[in-house]
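File shown here: run_4.pdb, holding PDB, C-alpha atoms, pLDDT in the B column.
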ATOM      1  CA  LYS A   1     -17.686 -39.450 -51.831  1.00 76.00           C
ATOM      2  CA  SER A   2     -21.282 -40.634 -51.592  1.00 83.00           C
ATOM      3  CA  GLY A   3     -21.471 -39.978 -47.845  1.00 88.00           C
ATOM      4  CA  GLU A   4     -22.404 -43.544 -46.935  1.00 92.00           C
ATOM      5  CA  ASP A   5     -20.992 -45.284 -43.884  1.00 94.00           C
ATOM      6  CA  ILE A   6     -20.011 -48.826 -44.923  1.00 96.00           C
ATOM      7  CA  ILE A   7     -18.844 -51.753 -42.797  1.00 97.00           C
ATOM      8  CA  ALA A   8     -17.177 -54.734 -44.488  1.00 96.00           C
ATOM      9  CA  HIS A   9     -14.280 -57.133 -44.378  1.00 94.00           C
ATOM     10  CA  VAL A  10     -11.683 -55.175 -46.387  1.00 95.00           C
ATOM     11  CA  GLU A  11      -8.576 -56.267 -48.287  1.00 95.00           C
ATOM     12  CA  GLU A  12      -6.251 -54.102 -50.347  1.00 94.00           C
ATOM     13  CA  MET A  13      -6.184 -54.675 -54.112  1.00 94.00           C
ATOM     14  CA  THR A  14      -2.860 -54.210 -55.870  1.00 92.00           C
ATOM     15  CA  MET A  15      -1.668 -54.161 -59.455  1.00 92.00           C
ATOM     16  CA  GLY A  16       1.622 -55.903 -60.190  1.00 91.00           C
ATOM     17  CA  GLU A  17       3.609 -58.272 -58.026  1.00 89.00           C
ATOM     18  CA  GLY A  18       6.315 -58.159 -55.380  1.00 88.00           C
ATOM     19  CA  GLU A  19       8.088 -54.843 -54.880  1.00 89.00           C
ATOM     20  CA  ASP A  20       6.395 -53.431 -57.987  1.00 91.00           C
ATOM     21  CA  ALA A  21       2.881 -53.941 -56.581  1.00 91.00           C
ATOM     22  CA  GLN A  22       0.888 -50.696 -56.486  1.00 92.00           C
ATOM     23  CA  PRO A  23      -2.272 -50.272 -54.368  1.00 90.00           C
ATOM     24  CA  VAL A  24      -5.269 -49.502 -56.575  1.00 92.00           C
ATOM     25  CA  GLY A  25      -8.288 -49.996 -54.333  1.00 94.00           C
ATOM     26  CA  LEU A  26     -10.144 -52.089 -51.823  1.00 96.00           C
ATOM     27  CA  GLN A  27     -12.088 -55.313 -52.075  1.00 96.00           C
ATOM     28  CA  MET A  28     -14.962 -55.333 -49.616  1.00 96.00           C
ATOM     29  CA  THR A  29     -16.636 -58.601 -48.675  1.00 95.00           C
ATOM     30  CA  ARG A  30     -20.317 -58.469 -47.675  1.00 96.00           C
ATOM     31  CA  PRO A  31     -20.420 -54.677 -47.348  1.00 97.00           C
ATOM     32  CA  CYS A  32     -23.316 -53.114 -45.451  1.00 97.00           C
ATOM     33  CA  ILE A  33     -24.546 -49.565 -45.086  1.00 97.00           C
ATOM     34  CA  VAL A  34     -24.652 -48.479 -41.445  1.00 96.00           C
ATOM     35  CA  LYS A  35     -27.664 -46.338 -40.527  1.00 94.00           C
ATOM     36  CA  LEU A  36     -28.190 -44.630 -37.194  1.00 89.00           C
ATOM     37  CA  MET A  37     -31.845 -44.499 -36.179  1.00 85.00           C
ATOM     38  CA  ASP A  38     -32.769 -41.781 -33.671  1.00 76.00           C
ATOM     39  CA  GLY A  39     -35.923 -41.630 -31.545  1.00 58.00           C
ATOM     40  CA  ASP A  40     -39.164 -43.525 -31.931  1.00 59.00           C
ATOM     41  CA  LYS A  41     -40.943 -42.896 -35.246  1.00 57.00           C
ATOM     42  CA  GLU A  42     -44.267 -44.124 -33.843  1.00 56.00           C
ATOM     43  CA  THR A  43     -44.451 -41.629 -30.962  1.00 55.00           C
ATOM     44  CA  LYS A  44     -42.040 -39.002 -32.333  1.00 58.00           C
ATOM     45  CA  GLU A  45     -40.389 -39.218 -28.914  1.00 59.00           C
ATOM     46  CA  LYS A  46     -36.661 -38.533 -28.741  1.00 60.00           C
ATOM     47  CA  LYS A  47     -34.725 -41.171 -26.867  1.00 62.00           C
ATOM     48  CA  LYS A  48     -31.246 -41.119 -25.483  1.00 65.00           C
ATOM     49  CA  GLY A  49     -28.805 -42.865 -27.793  1.00 71.00           C
ATOM     50  CA  PHE A  50     -29.672 -44.462 -31.103  1.00 78.00           C
ATOM     51  CA  LYS A  51     -30.254 -47.774 -32.820  1.00 88.00           C
ATOM     52  CA  ILE A  52     -27.971 -49.155 -35.494  1.00 91.00           C
ATOM     53  CA  ARG A  53     -29.342 -50.838 -38.610  1.00 94.00           C
ATOM     54  CA  LEU A  54     -27.319 -52.672 -41.259  1.00 96.00           C
ATOM     55  CA  TYR A  55     -28.504 -52.855 -44.864  1.00 96.00           C
ATOM     56  CA  PRO A  56     -26.733 -54.687 -47.712  1.00 95.00           C
ATOM     57  CA  TRP A  57     -24.713 -52.384 -49.961  1.00 95.00           C
ATOM     58  CA  GLN A  58     -25.118 -53.389 -53.618  1.00 93.00           C
ATOM     59  CA  PRO A  59     -27.935 -55.813 -52.681  1.00 93.00           C
ATOM     60  CA  LEU A  60     -28.550 -56.923 -56.280  1.00 95.00           C
ATOM     61  CA  SER A  61     -24.965 -58.025 -56.907  1.00 94.00           C
ATOM     62  CA  ALA A  62     -24.451 -61.758 -57.501  1.00 95.00           C
ATOM     63  CA  SER A  63     -21.049 -61.579 -55.785  1.00 95.00           C
ATOM     64  CA  PRO A  64     -20.406 -60.978 -52.073  1.00 95.00           C
ATOM     65  CA  GLN A  65     -17.278 -58.970 -53.051  1.00 96.00           C
ATOM     66  CA  VAL A  66     -17.346 -55.367 -54.235  1.00 95.00           C
ATOM     67  CA  ALA A  67     -14.247 -53.596 -55.554  1.00 95.00           C
ATOM     68  CA  VAL A  68     -13.836 -49.874 -54.866  1.00 95.00           C
ATOM     69  CA  SER A  69     -11.054 -47.643 -56.175  1.00 92.00           C
ATOM     70  CA  TYR A  70      -9.136 -45.565 -53.641  1.00 89.00           C
ATOM     71  CA  ASP A  71     -10.381 -42.296 -55.108  1.00 89.00           C
ATOM     72  CA  TRP A  72     -13.872 -43.136 -53.758  1.00 90.00           C
ATOM     73  CA  VAL A  73     -12.680 -43.767 -50.197  1.00 90.00           C
ATOM     74  CA  VAL A  74     -12.620 -40.783 -47.844  1.00 90.00           C
ATOM     75  CA  SER A  75     -11.553 -42.539 -44.636  1.00 91.00           C
ATOM     76  CA  ILE A  76     -11.020 -45.976 -43.140  1.00 92.00           C
ATOM     77  CA  THR A  77     -11.436 -46.671 -39.425  1.00 94.00           C
ATOM     78  CA  GLU A  78     -11.989 -49.603 -37.120  1.00 95.00           C
ATOM     79  CA  PRO A  79     -15.631 -49.799 -35.973  1.00 95.00           C
ATOM     80  CA  VAL A  80     -16.624 -49.595 -32.323  1.00 94.00           C
ATOM     81  CA  THR A  81     -16.871 -53.012 -30.660  1.00 95.00           C
ATOM     82  CA  THR A  82     -20.680 -53.027 -30.607  1.00 93.00           C
ATOM     83  CA  LEU A  83     -20.904 -52.434 -34.356  1.00 95.00           C
ATOM     84  CA  HIS A  84     -18.155 -54.957 -35.124  1.00 96.00           C
ATOM     85  CA  ASN A  85     -19.897 -57.643 -33.062  1.00 96.00           C
ATOM     86  CA  MET A  86     -23.245 -56.863 -34.708  1.00 95.00           C
ATOM     87  CA  TYR A  87     -21.703 -57.159 -38.203  1.00 96.00           C
ATOM     88  CA  VAL A  88     -20.026 -60.477 -37.377  1.00 95.00           C
ATOM     89  CA  ARG A  89     -23.170 -61.900 -35.743  1.00 95.00           C
ATOM     90  CA  GLU A  90     -25.758 -60.698 -38.276  1.00 94.00           C
ATOM     91  CA  VAL A  91     -23.822 -60.646 -41.551  1.00 94.00           C
ATOM     92  CA  LEU A  92     -20.731 -62.856 -41.503  1.00 90.00           C
ATOM     93  CA  ASN A  93     -22.274 -65.690 -39.470  1.00 90.00           C
ATOM     94  CA  ASP A  94     -25.308 -65.938 -41.760  1.00 71.00           C
TER
END
Can the structure from this file be put into structure tokens for me?
Amino acid sequence: KSGEDIIAHVEEMTMGEGEDAQPVGLQMTRPCIVKLMDGDKETKEKKKGFKIRLYPWQPLSASPQVAVSYDWVVSITEPVTTLHNMYVREVLND
């Protein structure tokens, strides 16, 4: 709903147990906002392609996990390989 692109390790949260378990949201571990940077700000020159930057989401939280209810999630997809590798290298392997 906020329009942010987030990358994280994601697990489903449920309420109840066994066959009665109902999905209620997602638990994201070490979530980051993904920003696409276009062109060169110094020269104002447009370049082909773009750079990807990762910024911590909820950077002031004491916990690496953030819970989000399903009504705040618009879509879930697998990231492209380049982004996945960047997240693993720069965030998870810290």
Spatial neighbours of Lys51 (chain A), max dist 7 Å, all atoms listed in the file, sep filter under 5 positions, as a ChimeraX atom specification:
/A:36-38
Between A:Val74, A:Ile33, A:Ala21, A:Val80, which is the closest to Trp57 (chain A) once you count all atoms listed in the file?
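Comparing A:Val74, A:Ile33, A:Ala21, A:Val80 against Trp57 (chain A), the winner is A:Ile33.
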How far is it from CA of Ser2 (chain A) to CA of Ile52 (chain A), in Å with one decimal?
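If I compute the distance from CA of Ser2 (chain A) to CA of Ile52 (chain A), I get 19.4 Å.
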Name the residues within 8 Å of (-17.4, -56.1, -51.6), counting all atoms listed in the file in the file's coordinates, and put them as a short mmCIF file (atom, residue, chain, number, x, y, z; two decimals) with C-alpha atoms, in the frame of the given file.
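selection_0.cif was written with the following content:
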data_model
loop_
_atom_site.label_atom_id
_atom_site.label_comp_id
_atom_site.auth_asym_id
_atom_site.auth_seq_id
_atom_site.Cartn_x
_atom_site.Cartn_y
_atom_site.Cartn_z
CA ALA A 8 -17.18 -54.73 -44.49
CA HIS A 9 -14.28 -57.13 -44.38
CA VAL A 10 -11.68 -55.18 -46.39
CA GLN A 27 -12.09 -55.31 -52.08
CA MET A 28 -14.96 -55.33 -49.62
CA THR A 29 -16.64 -58.60 -48.68
CA ARG A 30 -20.32 -58.47 -47.68
CA PRO A 31 -20.42 -54.68 -47.35
CA SER A 63 -21.05 -61.58 -55.78
CA PRO A 64 -20.41 -60.98 -52.07
CA GLN A 65 -17.28 -58.97 -53.05
CA VAL A 66 -17.35 -55.37 -54.24
CA ALA A 67 -14.25 -53.60 -55.55
CA VAL A 68 -13.84 -49.87 -54.87
#
Any chance you could work out the axis-aligned box around region 11-14 of chain A, listed atoms only, 3 Å on each side, giving centre and edge lengths in Å to one decimal, as JSON?
{"center_x": -5.7, "center_y": -55.2, "center_z": -52.1, "size_x": 11.7, "size_y": 8.2, "size_z": 13.6}
Using the chain letters and residue numbers of this document, give as a compact mmCIF listing (two decimals) with C-alpha atoms, in the frame of the given file the residues selected by the PyMOL selection byres ((chain A and resi 86) around 12).
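Saved as expr_8.txt:
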# COMPACT_ATOMS: atom_id res chain seq x y z
CA ILE A 7 -18.84 -51.75 -42.80
CA ALA A 8 -17.18 -54.73 -44.49
CA CYS A 32 -23.32 -53.11 -45.45
CA VAL A 34 -24.65 -48.48 -41.44
CA LYS A 51 -30.25 -47.77 -32.82
CA ILE A 52 -27.97 -49.16 -35.49
CA ARG A 53 -29.34 -50.84 -38.61
CA LEU A 54 -27.32 -52.67 -41.26
CA PRO A 79 -15.63 -49.80 -35.97
CA VAL A 80 -16.62 -49.60 -32.32
CA THR A 81 -16.87 -53.01 -30.66
CA THR A 82 -20.68 -53.03 -30.61
CA LEU A 83 -20.90 -52.43 -34.36
CA HIS A 84 -18.16 -54.96 -35.12
CA ASN A 85 -19.90 -57.64 -33.06
CA TYR A 87 -21.70 -57.16 -38.20
CA VAL A 88 -20.03 -60.48 -37.38
CA ARG A 89 -23.17 -61.90 -35.74
CA GLU A 90 -25.76 -60.70 -38.28
CA VAL A 91 -23.82 -60.65 -41.55
CA LEU A 92 -20.73 -62.86 -41.50
CA ASN A 93 -22.27 -65.69 -39.47
CA ASP A 94 -25.31 -65.94 -41.76
Take CA of Lys1 (chain A) and CA of Gly16 (chain A) and report the distance between them in Å, one decimal.
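Result for CA of Lys1 (chain A) versus CA of Gly16 (chain A): 26.7 Å, one decimal.
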Which value, in Å to one decimal, gives the distance between CA of Tyr70 (chain A) and CA of Asp20 (chain A)?
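Computed distance, CA of Tyr70 (chain A) to CA of Asp20 (chain A), equals 17.9 Å.
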Report as a list in words all protein, DNA and RNA residues lying within 8 Å of Glu12 (chain A), evaluated on only C-alpha atoms, omitting residues in the same chain fewer than 2 positions from it.
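So the residues in contact are Val10, Thr14, Pro23, Val24, Gly25, Leu26 and Gln27 of chain A.
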Selected residue of minimal separation from Asp5 (chain A) among A:Gln22, A:Trp72, A:Lys35, A:Ala62, counting all atoms listed in the file
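Using all atoms listed in the file, Asp5 (chain A) sits closest to A:Lys35.
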